[in-house]
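Chemist: My file is query.tsv. It has TSV, C-alpha atoms:
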```tsv
chain	number	residue	atom	x	y	z
H	1	MET	CA	-0.33	-5.89	-15.02
H	2	LYS	CA	-1.49	-6.94	-11.59
H	3	ALA	CA	-2.02	-5.03	-8.36
H	4	MET	CA	-2.95	-5.76	-4.76
H	5	ILE	CA	-4.74	-3.58	-2.22
H	6	LEU	CA	-3.99	-4.35	1.42
H	7	ALA	CA	-7.31	-4.21	3.25
H	8	ALA	CA	-7.17	-6.87	5.98
H	9	GLY	CA	-6.31	-4.73	9.00
H	10	ARG	CA	-8.59	-4.52	12.04
H	11	GLY	CA	-8.34	-0.73	12.23
H	12	GLU	CA	-7.91	-0.56	16.01
H	13	ARG	CA	-7.06	3.15	15.96
H	14	MET	CA	-10.26	3.78	13.99
H	15	ARG	CA	-12.56	2.31	16.61
H	16	PRO	CA	-15.46	2.61	17.17
H	17	LEU	CA	-15.91	3.35	13.44
H	18	THR	CA	-14.48	-0.04	12.51
H	19	ASP	CA	-16.49	-2.08	15.00
H	20	GLN	CA	-19.29	-2.53	12.44
H	21	CYS	CA	-17.60	-1.39	9.22
H	22	PRO	CA	-14.24	-2.62	7.87
H	23	LYS	CA	-11.74	0.21	7.54
H	24	PRO	CA	-11.44	0.02	3.72
H	25	LEU	CA	-15.18	0.63	3.41
H	26	LEU	CA	-15.17	3.80	5.52
H	27	LYS	CA	-16.25	6.65	3.27
H	28	ALA	CA	-14.29	9.72	2.24
H	29	GLY	CA	-15.77	12.22	-0.15
H	30	GLY	CA	-18.88	10.07	-0.45
H	31	LYS	CA	-17.30	6.75	-1.41
H	32	PRO	CA	-15.29	4.02	0.33
H	33	LEU	CA	-11.52	4.38	0.63
H	34	LEU	CA	-11.21	1.07	-1.22
H	35	GLN	CA	-13.13	2.42	-4.20
H	36	TRP	CA	-10.77	5.39	-4.61
H	37	HIS	CA	-7.86	2.98	-5.04
H	38	ILE	CA	-9.67	0.64	-7.42
H	39	GLU	CA	-10.73	3.51	-9.66
H	40	ALA	CA	-7.18	4.91	-9.71
H	41	LEU	CA	-5.76	1.48	-10.56
H	42	VAL	CA	-8.22	0.94	-13.39
H	43	ARG	CA	-7.42	4.36	-14.86
H	44	ALA	CA	-3.75	3.34	-14.87
H	45	GLY	CA	-4.43	0.05	-16.65
H	46	PHE	CA	-4.45	-2.29	-13.65
H	47	THR	CA	-7.55	-4.41	-14.15
H	48	ASP	CA	-6.40	-7.62	-12.41
H	49	ILE	CA	-6.58	-6.74	-8.72
H	50	VAL	CA	-6.29	-8.78	-5.53
H	51	VAL	CA	-7.76	-7.43	-2.29
H	52	ASN	CA	-7.01	-9.20	0.99
H	53	CYS	CA	-9.53	-9.10	3.81
H	54	ALA	CA	-9.92	-10.49	7.32
H	55	HIS	CA	-11.92	-8.26	9.67
H	56	LEU	CA	-15.59	-8.22	8.57
H	57	ALA	CA	-14.46	-9.94	5.38
H	58	ASP	CA	-17.98	-10.70	4.18
H	59	GLN	CA	-18.71	-6.98	3.88
H	60	VAL	CA	-15.56	-6.40	1.83
H	61	ALA	CA	-16.27	-9.37	-0.43
H	62	ALA	CA	-19.87	-8.27	-0.96
H	63	PHE	CA	-18.76	-4.77	-1.93
H	64	LEU	CA	-16.15	-6.07	-4.37
H	65	GLY	CA	-18.16	-8.79	-6.08
H	66	ASP	CA	-16.14	-9.89	-9.09
H	67	GLY	CA	-15.05	-6.30	-9.73
H	68	SER	CA	-16.94	-5.92	-12.99
H	69	GLN	CA	-19.04	-3.04	-11.65
H	70	LEU	CA	-15.77	-1.15	-11.09
H	71	GLY	CA	-14.20	-2.10	-14.40
H	72	ALA	CA	-11.82	-4.70	-12.98
H	73	ARG	CA	-11.36	-8.40	-12.30
H	74	ILE	CA	-11.03	-8.62	-8.54
H	75	THR	CA	-9.99	-11.58	-6.43
H	76	CYS	CA	-10.68	-11.48	-2.69
H	77	SER	CA	-7.90	-13.15	-0.67
H	78	ARG	CA	-9.50	-14.06	2.65
H	79	GLU	CA	-7.34	-14.44	5.74
H	80	ALA	CA	-8.66	-16.33	8.75
H	81	VAL	CA	-6.25	-14.27	10.86
H	82	ALA	CA	-4.71	-11.06	9.55
H	83	LEU	CA	-1.30	-12.00	8.16
H	84	GLU	CA	0.43	-8.58	8.29
H	85	THR	CA	1.67	-7.00	5.08
H	86	ALA	CA	4.24	-9.52	3.86
H	87	GLY	CA	2.21	-12.52	5.02
H	88	GLY	CA	-0.84	-11.21	3.19
H	89	ILE	CA	1.14	-10.70	-0.01
H	90	ARG	CA	2.64	-14.17	0.32
H	91	LYS	CA	-0.85	-15.71	0.55
H	92	ALA	CA	-1.97	-13.80	-2.55
H	93	LEU	CA	1.17	-14.61	-4.53
H	94	GLU	CA	-0.53	-17.38	-6.51
H	95	TRP	CA	-2.69	-14.69	-8.18
H	96	LEU	CA	0.06	-12.09	-8.52
H	97	LYS	CA	3.10	-13.87	-9.97
H	98	PRO	CA	5.13	-14.36	-12.12
H	99	ASP	CA	5.80	-10.70	-12.99
H	100	PRO	CA	6.43	-7.71	-10.70
H	101	PHE	CA	3.22	-6.27	-9.25
H	102	PHE	CA	2.00	-3.09	-7.59
H	103	VAL	CA	0.82	-3.03	-3.96
H	104	VAL	CA	-1.21	-0.25	-2.34
H	105	ASN	CA	-2.04	0.17	1.34
H	106	GLY	CA	-5.81	0.47	1.52
H	107	ASP	CA	-5.73	3.05	4.30
H	108	VAL	CA	-3.76	5.77	2.52
H	109	PHE	CA	-4.96	8.49	0.17
H	110	THR	CA	-2.76	10.06	-2.48
H	111	ASP	CA	-2.79	11.95	-5.75
H	112	LEU	CA	0.06	9.79	-7.10
H	113	ASP	CA	-0.71	8.78	-10.69
H	114	TYR	CA	-0.60	4.99	-10.62
H	115	ARG	CA	0.59	4.96	-14.22
H	116	CYS	CA	4.07	5.56	-12.81
H	117	ALA	CA	3.82	2.12	-11.17
H	118	ALA	CA	3.02	0.62	-14.56
H	119	SER	CA	6.21	2.18	-15.93
H	120	VAL	CA	8.27	0.77	-13.05
H	121	ILE	CA	6.86	-2.73	-13.60
H	122	GLN	CA	8.03	-2.60	-17.20
H	123	SER	CA	11.51	-1.27	-16.33
H	124	LEU	CA	12.38	-2.89	-12.98
H	125	PRO	CA	15.92	-4.30	-13.25
H	126	SER	CA	16.19	-8.08	-13.11
H	127	ALA	CA	18.12	-7.78	-9.84
H	128	GLY	CA	15.59	-5.36	-8.38
H	129	LEU	CA	13.29	-6.77	-5.71
H	130	ALA	CA	11.29	-3.65	-4.86
H	131	HIS	CA	10.62	-0.05	-5.83
H	132	LEU	CA	9.07	2.19	-3.17
H	133	TRP	CA	7.40	5.58	-3.22
H	134	LEU	CA	8.49	7.80	-0.35
H	135	VAL	CA	6.81	10.96	0.92
H	136	ASP	CA	7.66	13.91	3.15
H	137	ASN	CA	7.54	12.97	6.82
H	138	PRO	CA	4.11	13.65	8.36
H	139	GLN	CA	3.59	14.90	11.91
H	140	HIS	CA	2.93	11.38	13.15
H	141	ASN	CA	6.22	10.01	11.70
H	142	PRO	CA	8.72	12.90	11.90
H	143	GLY	CA	11.82	10.69	11.78
H	144	GLY	CA	10.87	8.98	8.54
H	145	ASP	CA	11.56	5.39	7.49
H	146	PHE	CA	14.10	5.09	4.69
H	147	ALA	CA	16.91	7.08	3.10
H	148	LEU	CA	16.79	7.91	-0.61
H	149	SER	CA	19.95	8.60	-2.59
H	150	CYS	CA	20.19	10.90	-5.58
H	151	ASP	CA	20.53	7.87	-7.88
H	152	GLY	CA	17.29	6.32	-6.63
H	153	ARG	CA	18.57	3.72	-4.20
H	154	VAL	CA	16.67	3.19	-0.94
H	155	ALA	CA	18.33	2.12	2.29
H	156	ALA	CA	17.84	1.97	6.04
H	157	PRO	CA	18.67	5.36	7.58
H	158	ASP	CA	21.36	3.78	9.78
H	159	ASP	CA	23.30	2.57	6.73
H	160	ASP	CA	26.60	4.47	6.91
H	161	ARG	CA	26.71	4.81	3.13
H	162	PHE	CA	23.46	6.82	3.19
H	163	ARG	CA	23.84	8.98	6.32
H	164	ALA	CA	24.02	12.20	4.28
H	165	GLN	CA	20.89	11.36	2.27
H	166	PRO	CA	17.38	12.62	3.10
H	167	VAL	CA	15.11	10.29	5.07
H	168	TYR	CA	11.49	10.02	4.01
H	169	THR	CA	8.37	8.11	5.04
H	170	PHE	CA	7.33	4.98	3.17
H	171	SER	CA	4.00	5.72	1.52
H	172	GLY	CA	2.69	2.15	1.54
H	173	LEU	CA	2.92	2.07	-2.26
H	174	GLY	CA	5.45	-0.20	-3.93
H	175	VAL	CA	6.25	-2.48	-6.84
H	176	TYR	CA	7.58	-5.89	-5.82
H	177	ARG	CA	9.08	-8.91	-7.48
H	178	PRO	CA	7.55	-12.23	-6.34
H	179	ALA	CA	10.98	-13.51	-5.30
H	180	LEU	CA	10.91	-11.12	-2.33
H	181	PHE	CA	8.12	-13.18	-0.72
H	182	GLU	CA	8.53	-16.71	-2.06
H	183	GLY	CA	10.70	-17.83	0.88
H	184	LEU	CA	8.01	-17.03	3.44
H	185	GLU	CA	5.85	-19.72	5.02
H	186	LEU	CA	2.28	-19.68	3.74
H	187	ASN	CA	-0.45	-18.42	6.10
H	188	ARG	CA	2.01	-17.11	8.68
H	189	PRO	CA	1.94	-13.44	9.78
H	190	GLU	CA	5.02	-11.63	8.46
H	191	LYS	CA	5.96	-7.95	8.44
H	192	LEU	CA	7.28	-6.25	5.32
H	193	ALA	CA	10.00	-4.07	6.86
H	194	PRO	CA	12.48	-6.90	7.64
H	195	LEU	CA	12.23	-8.17	4.07
H	196	LEU	CA	12.82	-4.71	2.68
H	197	ARG	CA	15.79	-4.05	4.95
H	198	ALA	CA	17.40	-7.32	3.89
H	199	ALA	CA	16.86	-6.46	0.23
H	200	MET	CA	18.23	-2.95	0.80
H	201	GLY	CA	21.39	-4.49	2.19
H	202	LYS	CA	21.83	-6.19	-1.19
H	203	GLY	CA	21.21	-2.98	-3.11
H	204	ALA	CA	18.01	-4.46	-4.55
H	205	VAL	CA	15.56	-1.67	-3.59
H	206	THR	CA	15.02	1.51	-5.56
H	207	GLY	CA	12.57	4.32	-4.98
H	208	ALA	CA	11.24	7.75	-5.78
H	209	HIS	CA	10.03	10.74	-3.79
H	210	HIS	CA	6.39	11.76	-4.26
H	211	PRO	CA	6.06	15.45	-3.34
H	212	GLY	CA	2.29	15.61	-3.77
H	213	LEU	CA	-0.70	14.73	-1.62
H	214	TRP	CA	-0.42	11.74	0.68
H	215	MET	CA	-2.37	10.96	3.84
H	216	ASP	CA	-2.32	7.98	6.18
H	217	ILE	CA	-5.99	7.52	7.10
H	218	GLY	CA	-5.29	5.70	10.35
H	219	THR	CA	-7.45	7.61	12.84
H	220	PRO	CA	-10.93	9.18	12.89
H	221	GLU	CA	-9.28	12.61	12.96
H	222	ARG	CA	-7.35	11.93	9.76
H	223	LEU	CA	-10.48	10.57	8.09
H	224	GLN	CA	-12.25	13.79	9.05
H	225	ALA	CA	-9.34	15.81	7.62
H	226	LEU	CA	-9.53	13.87	4.35
H	227	ASN	CA	-13.28	14.46	4.12
H	228	GLY	CA	-12.65	18.15	4.68
H	229	TYR	CA	-10.06	18.19	1.93
H	230	LEU	CA	-12.27	16.34	-0.55
H	231	ASN	CA	-15.21	18.57	0.27
H	232	GLY	CA	-13.06	21.66	-0.19
H	233	LYS	CA	-13.43	22.82	3.39
H	234	LYS	CA	-9.79	22.84	4.47
H	235	GLU	CA	-6.31	21.68	3.56
H	236	ALA	CA	-5.23	18.09	4.17
H	237	VAL	CA	-2.95	17.61	7.16
```
Could the structure of this file be written out as structure tokens, please?

Modeler:
Amino acid sequence: MKAMILAAGRGERMRPLTDQCPKPLLKAGGKPLLQWHIEALVRAGFTDIVVNCAHLADQVAAFLGDGSQLGARITCSREAVALETAGGIRKALEWLKPDPFFVVNGDVFTDLDYRCAASVIQSLPSAGLAHLWLVDNPQHNPGGDFALSCDGRVAAPDDDRFRAQPVYTFSGLGVYRPALFEGLELNRPEKLAPLLRAAMGKGAVTGAHHPGLWMDIGTPERLQALNGYLNGKKEAV
């Protein structure tokens, strides 16, 4: 099984913390955000991991090495210019295909057991292009992103067939089939949402609600909140 951690973002909202340190190497609970994900992936059986990097890429590559010190085989996919989520996955596809793979946003923190992604990879229907984990809407995204039906289908909230279904926030965690990205031009920035919406229109996206801990570590305040949570000082927000 293969996985990818998205770690190429500039981290504008994290400045000035990210002026000298790439966002995935910012520390929470005494270790880099990136390390939390790698350790969780290895525990779940994902030992072939791709990490993309752009901003301060040399620091990320030096931290990763070949991954052996973290119990994994890690490939660093360098981007001369950050390619957005879908563009970054497209560039890394040569290391990820031919089977479905798990993708994790490097700037989130969650208690989701990544073994559930391993189960999805093994059971994803042949017509399925993606499986997403959705979470309760945080304060910074109260309207949510996608609707989730009782039978596990995910759709855009403006889809008339899903108007009565709850709308949740996309966690940044998903299993994808390579076919979702193979039509994209290589080394061109591309966002993930349009691809997902197109696949949802075909009924090719499933999902699940994760009711546990999830935090988007996108600002210094949220990083401070995560440190407080990990150090047992206060609840995560």

Chemist: Would you please work out which residue, of H:Pro16, H:Pro178, H:Pro166, H:Pro220, is nearest to Ile121 of chain H when using all atoms listed in the file?

Modeler: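 Of the candidates, the smallest distance to Ile121 of chain H is held by H:Pro178.
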
Chemist: Find the residue from H:His209, H:Thr75, H:Arg43, H:Thr110 that sits nearest to Tyr229 of chain H; use all atoms listed in the file when measuring.

Modeler: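 Of all the options, H:Thr110 lies closest to Tyr229 of chain H.
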
Chemist: Can you measure atom CA of Ser171 of chain H to atom CA of Gly71 of chain H for me? One decimal in Å is fine.

Modeler: 25.4 Å

Chemist: Calculated over all atoms listed in the file, which of the candidates H:Leu148, H:Cys76, H:Leu83, H:Leu173 has the smallest distance to Ile49 of chain H?

Modeler: H:Cys76

Chemist: Pick the closest to Val104 of chain H from H:Gly144, H:Gly174, H:Gly152, H:Gly45: which is it, counting only C-alpha atoms?

Modeler: H:Gly174
